[in-house]
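A.B. asks: Just passing along the structure, written as C-alpha cells.
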Amino acid sequence: MTDDNDLKPTRLRPWLRIVFGVSVALNLAVAGLVAGAFLRPDKREAGHRPPPIGAVLYRELSKEDRRVLRKAATGSHEERAARRGQDADALADALRSVPFDAARVDALLDQHGEQIEDFQRSVGKLWLDRVVKMSDDERAEYADRLHRAMMAPPKGKPPKRSDRD
C-alpha cells in the first residue's frame with residue numbers, strides 16, 4: 001500500500017500557469033478601474049467651470065420657446081445662412097487682397113462683433129419677455145432646471161487645459 005507522504009504533488013502545466021497569471025492580472029485591472037471610479041475626486045472639486053449662463057438660459061427653455069427666440073432674433077434659417085455666406089465671402093476677399101488692407105479686415109471684425117452684440121441683446125430681451133409671461137410655477141421649474149444644469153459636471157471628456165490658463 002502507498003503512503004500519502006510518498007505521493008508527489010502534481011505540478012501545474014506551463015500553459016495553466018500563464019492562463020492563471022493572465023486571469024489574476026485581468027482581475028486586478030478590473031478591481032483597479034472600479035476603485036479608481038469610486039476614489040476619483042468630484043469634478044466640481046477638480047476645478048469644473050460651469051457652462052456659460054447665456055447658453056444654459058437658452059438651452060433649458062422648451063424646444064418651442066427656443067425656436068421662437070431664434071427665429072425672432074435672427075430671422076429664418078435661409079436668411080441666417082445667406083448672411084453667414086456674405087460675411088465669409090467678404091472676409092475671404094479682404095484676406096486675399098493685395099496689397100493687404102488690415103483696416104478693412106479690422107472693420108469686418110468690428111462689424112461681426114457688433115452683430116453678435118446685437119443678437120445677444122435681442123435674444124436677451126426676447127428671453128426676458130418669455131420669462132415674464134411664465135407663471136410662478138413655470139418660472140420656479142425653469143429656475144430648478146437652470147440650477148441643475150449649472151451645477152452638473154460636464155458631459156464627456158473634460159476640456160484640455162492650455163498653458164495660458
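Following the order of the C-alpha cells, chains are lettered A, B, ..., residues in each are numbered from 1, and ligands are numbered from 1.
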What's the 12 Å shell around region 111-125 of chain A, counting only C-alpha atoms, without same-chain residues fewer than 4 positions away, as a PyMOL selection string?

C.D. replies: chain A and resi 53-55+57-58+65-75+80+83-84+86-88+90-91+104-107+129-132

A.B. asks: Can you list, as an NGL selection string, every residue of region 32-100 of chain A that DSSP puts in helix (DSSP H, G or I)?

C.D. replies: :A and (32-39 or 53-59 or 63-74 or 77-96)

A.B. asks: Neighbouring residues of region 135-146 of chain A were defined as those with any atom within 8 Å, considering only C-alpha atoms; residues of the same chain fewer than 2 positions away were excluded. Please report them as a ChimeraX atom specification.

C.D. replies: /A:56-57,60-61,131,133,148-150
